[in-house]
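Pasting entry.csv here (CSV, C-alpha atoms):
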```csv
chain,number,residue,atom,x,y,z
D,1,MET,CA,-9.9,24.3,31.8
D,2,GLU,CA,-12.3,23.8,34.8
D,3,HIS,CA,-15.2,25.0,32.6
D,4,LEU,CA,-14.6,22.5,29.8
D,5,PRO,CA,-17.5,20.0,29.4
D,6,VAL,CA,-16.5,16.5,30.4
D,7,GLU,CA,-17.3,15.3,26.8
D,8,VAL,CA,-14.7,17.8,25.4
D,9,ILE,CA,-12.1,16.5,27.9
D,10,GLY,CA,-12.9,13.0,26.7
D,11,ASN,CA,-12.2,14.0,23.2
D,12,ILE,CA,-8.9,15.6,24.3
D,13,LEU,CA,-7.8,12.4,26.1
D,14,SER,CA,-8.8,10.3,23.0
D,15,ARG,CA,-6.6,12.5,20.8
D,16,LEU,CA,-3.7,11.6,23.1
D,17,GLY,CA,-4.3,8.0,22.2
D,18,ALA,CA,-1.3,6.5,24.0
D,19,ALA,CA,-2.5,4.7,27.1
D,20,ARG,CA,0.4,6.1,29.3
D,21,ASP,CA,-0.4,9.7,28.3
D,22,VAL,CA,-4.1,9.2,28.8
D,23,VAL,CA,-3.6,7.8,32.4
D,24,ILE,CA,-1.2,10.6,33.3
D,25,ALA,CA,-3.6,13.3,31.9
D,26,SER,CA,-6.6,11.8,33.6
D,27,ALA,CA,-5.0,12.0,37.0
D,28,THR,CA,-5.2,15.9,36.8
D,29,CYS,CA,-8.5,16.0,38.7
D,30,ARG,CA,-11.8,14.2,39.4
D,31,LYS,CA,-13.4,15.7,36.3
D,32,TRP,CA,-10.7,14.4,34.0
D,33,ARG,CA,-10.9,10.9,35.7
D,34,GLU,CA,-14.6,11.0,34.9
D,35,ALA,CA,-13.9,11.8,31.3
D,36,TRP,CA,-11.6,8.9,31.1
D,37,ARG,CA,-14.1,6.5,32.5
D,38,ILE,CA,-17.2,7.7,30.5
D,39,HIS,CA,-16.1,9.6,27.4
D,40,LEU,CA,-12.7,8.1,26.4
D,41,HIS,CA,-13.2,6.5,22.9
D,42,THR,CA,-9.6,5.9,21.8
D,43,LEU,CA,-6.9,3.9,23.6
D,44,SER,CA,-3.5,2.6,22.3
D,45,PHE,CA,-0.9,0.3,23.8
D,46,ASN,CA,2.2,0.5,21.6
D,47,SER,CA,5.6,-0.8,22.6
D,48,ASN,CA,7.2,2.2,20.9
D,49,ASP,CA,5.3,4.8,23.0
D,50,TRP,CA,6.9,4.0,26.3
D,51,PRO,CA,10.3,2.4,27.1
D,52,VAL,CA,8.9,0.8,30.3
D,53,TYR,CA,6.8,-1.5,28.2
D,54,HIS,CA,10.0,-3.3,27.2
D,55,GLU,CA,10.9,-4.0,30.8
D,56,LEU,CA,7.6,-5.4,32.0
D,57,THR,CA,6.9,-9.1,32.1
D,58,THR,CA,4.1,-10.4,29.9
D,59,SER,CA,1.9,-11.1,32.9
D,60,ARG,CA,2.4,-7.6,34.3
D,61,LEU,CA,1.7,-6.1,30.9
D,62,GLU,CA,-1.6,-8.1,30.7
D,63,ILE,CA,-2.6,-6.8,34.1
D,64,LEU,CA,-1.8,-3.2,33.2
D,65,ILE,CA,-3.8,-3.4,30.0
D,66,THR,CA,-6.7,-5.1,31.7
D,67,GLN,CA,-6.9,-2.5,34.5
D,68,THR,CA,-6.7,0.4,32.0
D,69,ILE,CA,-9.4,-1.0,29.6
D,70,PHE,CA,-11.8,-2.0,32.4
D,71,GLN,CA,-11.9,1.6,33.7
D,72,THR,CA,-13.4,2.8,30.5
D,73,THR,CA,-17.1,2.3,29.5
D,74,GLY,CA,-17.4,3.2,25.8
D,75,LEU,CA,-14.1,2.5,23.9
D,76,GLN,CA,-14.6,2.9,20.1
D,77,SER,CA,-10.9,2.3,19.0
D,78,LEU,CA,-8.5,-0.1,20.7
D,79,SER,CA,-4.9,-0.6,19.5
D,80,ILE,CA,-2.6,-3.2,21.1
D,81,ILE,CA,0.7,-3.3,19.2
D,82,MET,CA,3.4,-5.0,21.2
D,83,ASP,CA,6.3,-6.0,19.1
D,84,ASP,CA,8.4,-7.4,22.0
D,85,VAL,CA,5.7,-9.7,23.3
D,86,ASP,CA,5.8,-13.2,22.0
D,87,LYS,CA,2.4,-14.4,23.3
D,88,PHE,CA,-0.4,-13.1,25.6
D,89,SER,CA,-2.5,-15.6,27.6
D,90,ALA,CA,-5.8,-16.2,25.9
D,91,ALA,CA,-7.9,-15.4,29.0
D,92,PRO,CA,-7.1,-11.7,29.3
D,93,VAL,CA,-7.3,-11.2,25.5
D,94,ILE,CA,-10.8,-12.7,25.5
D,95,ALA,CA,-11.7,-10.5,28.4
D,96,TRP,CA,-10.6,-7.3,26.6
D,97,LEU,CA,-12.5,-8.2,23.4
D,98,MET,CA,-15.7,-9.2,25.3
D,99,TYR,CA,-15.6,-6.1,27.4
D,100,THR,CA,-15.4,-3.8,24.4
D,101,ARG,CA,-17.4,-5.7,21.9
D,102,GLU,CA,-20.6,-3.6,22.2
D,103,SER,CA,-18.9,-0.3,21.5
D,104,LEU,CA,-15.7,-1.0,19.5
D,105,ARG,CA,-15.5,0.4,16.0
D,106,GLN,CA,-11.7,-0.1,15.4
D,107,LEU,CA,-9.5,-2.9,16.5
D,108,HIS,CA,-5.7,-3.1,15.8
D,109,TYR,CA,-4.1,-6.2,17.4
D,110,ASN,CA,-0.8,-7.9,16.6
D,111,VAL,CA,0.1,-10.3,19.5
D,112,ARG,CA,-0.1,-14.1,19.4
D,113,THR,CA,-2.1,-15.8,22.1
D,114,SER,CA,-1.5,-19.1,24.0
D,115,PRO,CA,-3.5,-21.1,23.5
D,116,THR,CA,-4.5,-19.8,20.1
D,117,ILE,CA,-7.9,-18.1,19.9
D,118,ASN,CA,-9.9,-17.0,16.9
D,119,ILE,CA,-10.0,-13.2,17.3
D,120,ILE,CA,-12.9,-12.7,14.9
D,121,GLU,CA,-15.1,-15.0,17.0
D,122,LYS,CA,-14.6,-12.8,20.1
D,123,CYS,CA,-14.5,-9.2,18.9
D,124,GLY,CA,-17.7,-7.1,18.5
D,125,ARG,CA,-19.3,-7.5,15.1
D,126,GLN,CA,-22.2,-5.1,14.7
D,127,LYS,CA,-20.3,-1.8,15.0
D,128,LEU,CA,-16.8,-2.8,14.0
D,129,GLU,CA,-15.6,-0.7,11.0
D,130,VAL,CA,-11.8,-1.3,11.0
D,131,LEU,CA,-10.1,-4.6,11.8
D,132,ASN,CA,-6.3,-4.8,11.6
D,133,LEU,CA,-5.0,-8.2,12.7
D,134,SER,CA,-1.4,-9.5,12.7
D,135,HIS,CA,0.3,-12.7,13.9
D,136,ASN,CA,-2.9,-14.7,14.5
D,137,THR,CA,-4.8,-17.6,13.2
D,138,ILE,CA,-8.3,-17.5,11.6
D,139,THR,CA,-10.3,-20.7,11.3
D,140,GLY,CA,-13.8,-22.0,10.9
D,141,VAL,CA,-15.4,-18.9,9.3
D,142,GLU,CA,-19.0,-19.6,8.5
D,143,PRO,CA,-20.6,-18.2,5.3
D,144,SER,CA,-24.2,-18.5,6.4
D,145,TYR,CA,-24.6,-15.0,7.8
D,146,GLN,CA,-23.1,-11.5,7.7
D,147,ARG,CA,-20.8,-11.3,10.7
D,148,PHE,CA,-19.4,-7.8,10.1
D,149,PRO,CA,-22.2,-5.7,8.6
D,150,SER,CA,-20.4,-2.4,9.2
D,151,LEU,CA,-16.8,-3.4,8.5
D,152,ARG,CA,-15.2,-1.1,5.8
D,153,SER,CA,-11.4,-1.8,6.2
D,154,LEU,CA,-9.8,-5.2,6.8
D,155,SER,CA,-6.1,-5.8,7.1
D,156,LEU,CA,-4.5,-9.2,7.7
D,157,SER,CA,-0.8,-9.4,8.2
D,158,HIS,CA,1.2,-12.7,8.9
D,159,ILE,CA,-2.1,-14.5,9.5
D,160,SER,CA,-2.6,-18.2,9.1
D,161,ILE,CA,-5.9,-18.8,7.2
D,162,SER,CA,-7.2,-21.1,4.5
D,163,ALA,CA,-8.2,-19.8,1.1
D,164,LEU,CA,-11.7,-20.9,1.8
D,165,ASP,CA,-11.9,-19.1,5.1
D,166,LEU,CA,-10.6,-15.9,3.6
D,167,SER,CA,-13.2,-16.1,0.9
D,168,TYR,CA,-15.9,-16.7,3.5
D,169,LEU,CA,-14.6,-13.9,5.6
D,170,LEU,CA,-14.7,-11.4,2.7
D,171,THR,CA,-18.3,-12.6,2.0
D,172,ALA,CA,-19.2,-11.9,5.6
D,173,CYS,CA,-18.2,-8.2,5.2
D,174,PRO,CA,-20.8,-6.8,2.8
D,175,LYS,CA,-19.5,-3.2,3.1
D,176,VAL,CA,-15.8,-3.7,3.1
D,177,GLU,CA,-14.0,-1.2,0.8
D,178,ILE,CA,-10.3,-1.6,1.8
D,179,LEU,CA,-8.5,-5.0,1.9
D,180,THR,CA,-4.9,-5.5,2.8
D,181,LEU,CA,-3.2,-8.9,2.7
D,182,LEU,CA,0.4,-9.1,3.8
D,183,SER,CA,2.5,-12.3,4.1
D,184,LEU,CA,-0.4,-14.6,4.7
D,185,ASP,CA,0.2,-18.3,5.5
D,186,ILE,CA,-2.5,-19.6,3.2
D,187,ALA,CA,-3.7,-23.2,3.6
D,188,MET,CA,-5.1,-24.8,0.5
D,189,SER,CA,-7.8,-27.4,0.5
D,190,ASP,CA,-6.4,-29.2,-2.6
D,191,ALA,CA,-3.2,-29.7,-4.5
D,192,GLN,CA,-3.8,-26.6,-6.6
D,193,ALA,CA,-2.7,-23.4,-4.8
D,194,SER,CA,-5.5,-21.1,-6.0
D,195,MET,CA,-7.6,-18.5,-4.3
D,196,GLU,CA,-10.9,-17.0,-5.4
D,197,LEU,CA,-12.3,-13.9,-3.7
D,198,ASN,CA,-15.5,-12.0,-4.4
D,199,SER,CA,-16.6,-8.6,-3.1
D,200,PRO,CA,-19.0,-6.2,-4.8
D,201,SER,CA,-18.1,-3.4,-2.4
D,202,LEU,CA,-14.3,-3.6,-2.5
D,203,LYS,CA,-12.6,-0.5,-3.8
D,204,ASP,CA,-8.9,-0.9,-2.7
D,205,LEU,CA,-6.9,-4.1,-2.6
D,206,SER,CA,-3.2,-4.3,-1.5
D,207,VAL,CA,-1.5,-7.7,-1.7
D,208,GLU,CA,2.1,-8.2,-0.5
D,209,ALA,CA,4.5,-11.1,-0.1
D,210,ILE,CA,2.1,-13.8,-1.2
D,211,SER,CA,2.8,-16.9,-3.4
D,212,LEU,CA,0.0,-18.6,-5.2
D,213,GLU,CA,-0.6,-20.5,-8.4
D,214,LYS,CA,-3.8,-18.7,-9.2
D,215,PHE,CA,-5.4,-15.6,-7.6
D,216,MET,CA,-8.9,-14.7,-9.0
D,217,LEU,CA,-10.7,-11.6,-7.7
D,218,GLU,CA,-14.2,-10.6,-8.7
D,219,ALA,CA,-14.8,-7.0,-7.6
D,220,ASP,CA,-17.1,-4.8,-9.7
D,221,GLY,CA,-16.2,-1.6,-7.9
D,222,LEU,CA,-12.4,-2.0,-7.5
D,223,GLU,CA,-10.5,1.3,-8.0
D,224,LYS,CA,-7.0,0.6,-6.6
D,225,LEU,CA,-5.0,-2.6,-7.1
D,226,GLN,CA,-1.5,-2.9,-5.6
D,227,LEU,CA,0.7,-6.0,-5.9
D,228,LYS,CA,4.1,-6.2,-4.2
D,229,ASP,CA,6.7,-8.9,-3.7
D,230,CYS,CA,4.3,-11.6,-5.0
D,231,THR,CA,4.9,-14.8,-6.9
D,232,LEU,CA,1.9,-15.7,-9.0
D,233,GLU,CA,1.3,-17.9,-12.0
D,234,VAL,CA,-2.1,-16.3,-12.7
D,235,PHE,CA,-3.7,-13.1,-11.5
D,236,GLU,CA,-7.2,-12.3,-12.9
D,237,LEU,CA,-9.4,-9.4,-12.1
D,238,ILE,CA,-13.1,-9.7,-13.0
D,239,GLY,CA,-14.7,-6.3,-12.8
D,240,LYS,CA,-16.7,-3.6,-14.5
D,241,GLY,CA,-13.9,-1.3,-15.6
D,242,THR,CA,-13.7,0.9,-12.4
D,243,LEU,CA,-10.0,0.5,-11.8
D,244,LYS,CA,-8.2,3.8,-11.5
D,245,LEU,CA,-4.8,2.8,-10.0
D,246,LEU,CA,-2.6,-0.2,-10.9
D,247,LYS,CA,0.7,-0.6,-9.0
D,248,ILE,CA,3.0,-3.5,-9.4
D,249,ASP,CA,6.3,-3.8,-7.6
D,250,ASP,CA,8.7,-6.8,-7.7
D,251,VAL,CA,6.1,-9.3,-8.8
D,252,SER,CA,6.6,-12.5,-10.8
D,253,VAL,CA,3.5,-13.4,-12.7
D,254,ILE,CA,3.0,-15.4,-15.9
D,255,HIS,CA,-0.5,-14.3,-16.8
D,256,LEU,CA,-1.8,-10.9,-15.6
D,257,ASP,CA,-5.4,-10.0,-16.6
D,258,ILE,CA,-7.1,-6.8,-15.3
D,259,GLY,CA,-10.0,-7.1,-17.7
D,260,GLU,CA,-10.7,-5.4,-21.0
D,261,ASN,CA,-12.4,-2.3,-19.6
D,262,THR,CA,-9.5,-0.1,-18.5
D,263,GLU,CA,-11.0,3.2,-19.7
D,264,ASN,CA,-10.9,4.6,-16.1
D,265,LEU,CA,-7.3,3.9,-15.4
D,266,GLU,CA,-5.5,7.1,-14.2
D,267,VAL,CA,-2.2,5.8,-12.8
D,268,VAL,CA,-0.1,2.8,-13.8
D,269,ASP,CA,3.0,2.3,-11.7
D,270,VAL,CA,5.2,-0.7,-12.6
D,271,SER,CA,8.7,-1.3,-11.1
D,272,ASN,CA,11.1,-4.2,-10.9
D,273,PHE,CA,9.0,-6.2,-13.3
D,274,THR,CA,9.6,-8.3,-16.4
D,275,ILE,CA,7.1,-7.3,-19.2
D,276,MET,CA,6.3,-8.1,-22.7
D,277,TRP,CA,5.7,-4.5,-23.9
D,278,ALA,CA,3.3,-5.3,-26.7
D,279,LYS,CA,1.1,-7.4,-24.4
D,280,PHE,CA,1.4,-5.0,-21.5
D,281,HIS,CA,0.5,-2.0,-23.7
D,282,ASN,CA,-2.4,-3.8,-25.1
D,283,MET,CA,-3.7,-4.4,-21.6
D,284,ILE,CA,-3.7,-0.7,-20.7
D,285,SER,CA,-4.1,0.8,-24.2
D,286,LYS,CA,-7.7,1.9,-23.7
D,287,ALA,CA,-6.8,4.0,-20.7
D,288,SER,CA,-7.4,7.3,-22.4
D,289,LYS,CA,-7.7,9.1,-19.0
D,290,LEU,CA,-4.2,8.0,-17.9
D,291,ARG,CA,-2.4,10.8,-16.2
D,292,GLY,CA,0.6,9.0,-14.6
D,293,LEU,CA,2.7,6.2,-16.1
D,294,ARG,CA,5.8,4.8,-14.3
D,295,LEU,CA,7.9,2.1,-15.8
D,296,TRP,CA,10.9,1.8,-13.4
D,297,GLY,CA,13.5,-0.9,-13.4
D,298,VAL,CA,11.5,-2.9,-15.9
D,299,VAL,CA,13.1,-5.7,-17.9
D,300,PHE,CA,11.8,-6.6,-21.3
D,301,ASP,CA,11.0,-10.3,-22.0
D,302,ASP,CA,12.4,-9.8,-25.5
D,303,GLU,CA,15.7,-7.9,-25.9
D,304,ASP,CA,14.5,-6.3,-29.1
D,305,GLU,CA,11.4,-4.9,-27.5
D,306,VAL,CA,11.2,-1.1,-26.9
D,307,VAL,CA,8.7,1.2,-25.2
D,308,ASP,CA,7.0,2.9,-28.2
D,309,MET,CA,6.8,6.5,-27.2
D,310,GLU,CA,4.7,7.4,-30.2
D,311,THR,CA,2.1,4.9,-29.2
D,312,ILE,CA,2.1,6.3,-25.6
D,313,SER,CA,1.6,9.8,-26.9
D,314,VAL,CA,-1.4,8.7,-29.0
D,315,CYS,CA,-3.1,6.3,-26.5
D,316,PHE,CA,-2.6,8.5,-23.4
D,317,PRO,CA,-3.2,12.1,-24.5
D,318,GLN,CA,-3.9,13.3,-20.9
D,319,LEU,CA,-0.6,12.0,-19.6
D,320,THR,CA,1.0,14.6,-17.2
D,321,HIS,CA,3.5,12.5,-15.2
D,322,LEU,CA,5.9,10.1,-17.0
D,323,SER,CA,8.7,8.1,-15.2
D,324,LEU,CA,11.0,5.8,-17.2
D,325,CYS,CA,14.0,3.7,-16.2
D,326,TYR,CA,15.2,0.7,-18.2
D,327,ASP,CA,18.3,-0.5,-20.1
D,328,LEU,CA,18.7,1.5,-23.3
D,329,LYS,CA,19.7,-0.2,-26.5
D,330,GLU,CA,21.1,1.9,-29.3
D,331,ALA,CA,19.0,0.5,-32.1
D,332,SER,CA,15.8,0.7,-30.1
D,333,LEU,CA,16.6,4.2,-28.8
D,334,GLN,CA,17.3,5.6,-32.3
D,335,TYR,CA,14.1,3.9,-33.6
D,336,SER,CA,12.1,5.5,-30.8
D,337,LEU,CA,13.5,9.0,-31.2
D,338,GLN,CA,13.2,9.0,-34.9
D,339,ARG,CA,9.4,8.6,-34.6
D,340,SER,CA,7.2,11.7,-34.8
D,341,PHE,CA,5.5,12.2,-31.5
D,342,GLU,CA,4.8,14.9,-28.9
D,343,LEU,CA,3.9,14.5,-25.2
D,344,LYS,CA,1.9,17.7,-25.1
D,345,ASN,CA,0.6,17.5,-21.5
D,346,VAL,CA,3.6,16.0,-19.7
D,347,ILE,CA,4.6,18.5,-17.0
D,348,MET,CA,6.8,16.1,-14.9
D,349,LEU,CA,9.4,13.8,-16.5
D,350,GLU,CA,11.5,11.4,-14.4
D,351,LEU,CA,14.3,9.4,-16.0
D,352,GLY,CA,16.7,7.0,-14.5
D,353,TRP,CA,19.6,4.7,-15.1
D,354,THR,CA,21.2,1.7,-13.3
D,355,VAL,CA,24.3,1.7,-15.6
D,356,ILE,CA,25.0,5.0,-17.3
D,357,THR,CA,26.0,5.1,-20.9
D,358,ASP,CA,26.3,7.8,-23.6
D,359,LEU,CA,22.9,6.8,-24.8
D,360,PHE,CA,21.3,8.3,-21.6
D,361,SER,CA,22.2,11.8,-22.6
D,362,GLN,CA,20.6,11.3,-26.1
D,363,TRP,CA,17.5,9.9,-24.5
D,364,VAL,CA,17.1,12.9,-22.1
D,365,ALA,CA,17.6,15.4,-24.9
D,366,GLY,CA,15.2,13.6,-27.2
D,367,LEU,CA,12.4,13.4,-24.7
D,368,LEU,CA,12.9,17.1,-23.6
D,369,GLU,CA,12.3,18.2,-27.2
D,370,ARG,CA,9.0,16.3,-27.2
D,371,CYS,CA,7.6,17.7,-23.9
D,372,PRO,CA,6.8,21.3,-24.8
D,373,HIS,CA,5.0,22.1,-21.5
D,374,LEU,CA,7.5,20.4,-19.2
D,375,ARG,CA,7.9,22.0,-15.8
D,376,LYS,CA,10.1,19.6,-13.9
D,377,LEU,CA,12.8,17.0,-14.9
D,378,ILE,CA,14.1,14.5,-12.3
D,379,ILE,CA,17.2,12.5,-13.1
D,380,ASN,CA,17.7,9.4,-11.0
D,381,GLY,CA,21.0,7.6,-11.2
D,382,VAL,CA,23.1,4.9,-9.6
D,383,VAL,CA,26.7,5.9,-9.1
D,384,SER,CA,29.1,3.2,-7.9
D,385,GLU,CA,31.7,4.0,-5.2
D,386,ALA,CA,34.5,2.3,-7.2
D,387,LYS,CA,34.2,4.1,-10.5
D,388,SER,CA,36.4,3.2,-13.4
D,389,HIS,CA,38.0,5.8,-15.6
D,390,GLU,CA,35.5,5.1,-18.3
D,391,GLU,CA,32.6,5.5,-16.0
D,392,CYS,CA,34.0,8.9,-14.8
D,393,GLN,CA,34.3,10.0,-18.4
D,394,VAL,CA,30.7,9.0,-19.2
D,395,LEU,CA,29.4,10.8,-16.1
D,396,ALA,CA,31.4,13.9,-16.9
D,397,SER,CA,30.1,13.9,-20.5
D,398,PHE,CA,26.5,13.5,-19.2
D,399,THR,CA,27.1,16.4,-16.8
D,400,THR,CA,28.3,18.6,-19.6
D,401,SER,CA,25.3,17.8,-21.8
D,402,MET,CA,22.9,18.5,-18.9
D,403,VAL,CA,24.5,21.9,-18.4
D,404,GLY,CA,23.8,22.7,-22.1
D,405,LEU,CA,20.2,21.4,-21.8
D,406,MET,CA,19.5,23.4,-18.7
D,407,ARG,CA,20.6,26.6,-20.5
D,408,LYS,CA,18.3,25.7,-23.4
D,409,TYR,CA,15.3,24.8,-21.2
D,410,LEU,CA,15.5,27.6,-18.5
D,411,HIS,CA,11.8,27.2,-17.7
D,412,VAL,CA,12.3,23.6,-16.5
D,413,ASP,CA,13.2,22.8,-12.9
D,414,VAL,CA,15.9,20.1,-13.0
D,415,GLN,CA,16.5,17.9,-10.0
D,416,PHE,CA,19.2,15.2,-9.6
D,417,GLU,CA,18.9,12.2,-7.2
D,418,TYR,CA,21.9,9.9,-7.1
D,419,GLU,CA,22.4,6.7,-5.0
```
Here is a file; write its structure as structure tokens.
Amino acid sequence: MEHLPVEVIGNILSRLGAARDVVIASATCRKWREAWRIHLHTLSFNSNDWPVYHELTTSRLEILITQTIFQTTGLQSLSIIMDDVDKFSAAPVIAWLMYTRESLRQLHYNVRTSPTINIIEKCGRQKLEVLNLSHNTITGVEPSYQRFPSLRSLSLSHISISALDLSYLLTACPKVEILTLLSLDIAMSDAQASMELNSPSLKDLSVEAISLEKFMLEADGLEKLQLKDCTLEVFELIGKGTLKLLKIDDVSVIHLDIGENTENLEVVDVSNFTIMWAKFHNMISKASKLRGLRLWGVVFDDEDEVVDMETISVCFPQLTHLSLCYDLKEASLQYSLQRSFELKNVIMLELGWTVITDLFSQWVAGLLERCPHLRKLIINGVVSEAKSHEECQVLASFTTSMVGLMRKYLHVDVQFEYE
């Protein structure tokens, strides 16, 4: 160990990450203390790393963090995640940001300040590549110049910001590729609760727990779009057909538009969502490269609607993973299984129920017949604790039918997951 270069020791300390571990390790000898001061590039203060953090007063914690940071000279990654702290004083927070602003490439910060300060005004801008902010306020963003020329990942969680400032902030990040928006308190400049964002560099957008009338995004290079727990009247994506992944979970939206060019879509994952099948299918029907389709816990806007499996087999010839869970209707099921179709490339089939009926067994058997190259079948079911005699009989009948199917399809790996 004594022959290790001080730069290597600095890398070792940086991999420890947690401030407590770094301080203890650096006390080994003079050489390790030197590595801490000069070559440490990653430092993390997380309330889950050390129980003593929970016992310290806020002022004592501020002093501890200040002393630790000020003994370094070239921090590139700083993480301050203190879930138990209500608010830090503004002065030490400003001091931490100003001290590290020339070298910092990653900043993760989740503590409120008193009085409130604008974090993005204080942190280093030229080198910052990752910015993860929570429980803060962002105001007064100026669109006149590029503030963060190197920023590639921006995450805002429980942030108070106006729609206009968010738009300006995104414009001020010309290289941003990943944007995460979680439970934002969005202030609107007029009565209409709409937001318009534009980013030619954006590739990955994740939006969660946000309510808006209208959300418009212009992103020519977007590849991943994930919406979760959102209430929107209109969501519109304006792009150039680069989208590869679309994931929607527990979203209420009246009008959803991801553009006409969906040829590059590879994965569509929709759960806990009300759909008009004809309209939804039309939206993704050009996705000839689709490999994964998941419709889980979906509800049809029209009771007579049905997922047309024949259409799926024709439109998505490269489909390999198929997951389906929705209420089965006898008429629609018979209609679907009477059609002539084959899912030639499907190797993984996942089927689920919320309320089991005899129709489920027919559904499983019918789809198995039409997946000649299937390798794995996953059955997901909800089994109530207080089962009626009828429910027990249906479950027993299903189990019997599955035993028969497993004997017929010995090459298929069958897995059951009940809750």
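Atom CA of D:Gln318 lies 7.1 Å from atom CA of D:Ser288.
Nearest residue to D:Trp50 among D:Ala19, D:Ile69, D:Leu410, D:Leu246 is D:Ala19, counting all atoms listed in the file.
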Please provide as an MDAnalysis selection string all residues within 10 Å of D:Gly366, with the sequence filter that same-chain residues fewer than 2 positions apart are discarded (counting only C-alpha atoms). chainID D and resid 333:334 336:338 360:364 368:371
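For the point (1.5, 3.1, -13.2), the residues with an atom at a distance of at most 10 Å are Lys244, Leu245, Leu246, Lys247, Ile248, Leu265, Glu266, Val267, Val268, Asp269, Val270, Ser271, Ile284, Leu290, Arg291, Gly292, Leu293, Arg294, Leu295, Trp296, His321, Leu322 and Ser323 of chain D, counting only C-alpha atoms.
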Those same residues - C-alpha atoms - I'd like them written as a compact mmCIF listing (two decimals), keeping the file's coordinate frame.
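Dumped to result_20.txt:
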```txt
# COMPACT_ATOMS: atom_id res chain seq x y z
CA LYS D 244 -8.20 3.80 -11.50
CA LEU D 245 -4.80 2.80 -10.00
CA LEU D 246 -2.60 -0.20 -10.90
CA LYS D 247 0.70 -0.60 -9.00
CA ILE D 248 3.00 -3.50 -9.40
CA LEU D 265 -7.30 3.90 -15.40
CA GLU D 266 -5.50 7.10 -14.20
CA VAL D 267 -2.20 5.80 -12.80
CA VAL D 268 -0.10 2.80 -13.80
CA ASP D 269 3.00 2.30 -11.70
CA VAL D 270 5.20 -0.70 -12.60
CA SER D 271 8.70 -1.30 -11.10
CA ILE D 284 -3.70 -0.70 -20.70
CA LEU D 290 -4.20 8.00 -17.90
CA ARG D 291 -2.40 10.80 -16.20
CA GLY D 292 0.60 9.00 -14.60
CA LEU D 293 2.70 6.20 -16.10
CA ARG D 294 5.80 4.80 -14.30
CA LEU D 295 7.90 2.10 -15.80
CA TRP D 296 10.90 1.80 -13.40
CA HIS D 321 3.50 12.50 -15.20
CA LEU D 322 5.90 10.10 -17.00
CA SER D 323 8.70 8.10 -15.20
```
Between atom CA of D:Gly404 and atom CA of D:Leu377, what is the distance in Å, rounded to a tenth?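 Computed distance, atom CA of D:Gly404 to atom CA of D:Leu377, equals 14.3 Å.
Here atom CA of D:Val207 is placed at a distance of 12.7 Å from atom CA of D:Met195.
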Compile the contact shell of D:Lys127 as an MDAnalysis selection string: residues with an atom at most 8 Å away, counting only C-alpha atoms, same-chain residues fewer than 3 positions apart removed. chainID D and resid 102:105 124 148:151
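Closest approach to D:Cys123 among D:Met98, D:Ile210, D:Ile138, D:Leu324: D:Met98, based on all atoms listed in the file.
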Would you please work out which residue, of D:Ser206, D:Asn118, D:Ser201, D:Ser194, is nearest to D:Thr242 when using all atoms listed in the file? D:Ser201
Proximity to D:Lys286 - best of D:Met309, D:Val298, D:Glu177, D:Glu263, only C-alpha atoms: D:Glu263
Within 12 Å of (-11.8, 14.6, 32.6), only C-alpha atoms: residues as a compact mmCIF listing (two decimals) with C-alpha atoms, in the frame of the given file?
```txt
# COMPACT_ATOMS: atom_id res chain seq x y z
CA MET D 1 -9.90 24.30 31.80
CA GLU D 2 -12.30 23.80 34.80
CA HIS D 3 -15.20 25.00 32.60
CA LEU D 4 -14.60 22.50 29.80
CA PRO D 5 -17.50 20.00 29.40
CA VAL D 6 -16.50 16.50 30.40
CA GLU D 7 -17.30 15.30 26.80
CA VAL D 8 -14.70 17.80 25.40
CA ILE D 9 -12.10 16.50 27.90
CA GLY D 10 -12.90 13.00 26.70
CA ASN D 11 -12.20 14.00 23.20
CA ILE D 12 -8.90 15.60 24.30
CA LEU D 13 -7.80 12.40 26.10
CA SER D 14 -8.80 10.30 23.00
CA VAL D 22 -4.10 9.20 28.80
CA VAL D 23 -3.60 7.80 32.40
CA ILE D 24 -1.20 10.60 33.30
CA ALA D 25 -3.60 13.30 31.90
CA SER D 26 -6.60 11.80 33.60
CA ALA D 27 -5.00 12.00 37.00
CA THR D 28 -5.20 15.90 36.80
CA CYS D 29 -8.50 16.00 38.70
CA ARG D 30 -11.80 14.20 39.40
CA LYS D 31 -13.40 15.70 36.30
CA TRP D 32 -10.70 14.40 34.00
CA ARG D 33 -10.90 10.90 35.70
CA GLU D 34 -14.60 11.00 34.90
CA ALA D 35 -13.90 11.80 31.30
CA TRP D 36 -11.60 8.90 31.10
CA ARG D 37 -14.10 6.50 32.50
CA ILE D 38 -17.20 7.70 30.50
CA HIS D 39 -16.10 9.60 27.40
CA LEU D 40 -12.70 8.10 26.40
```
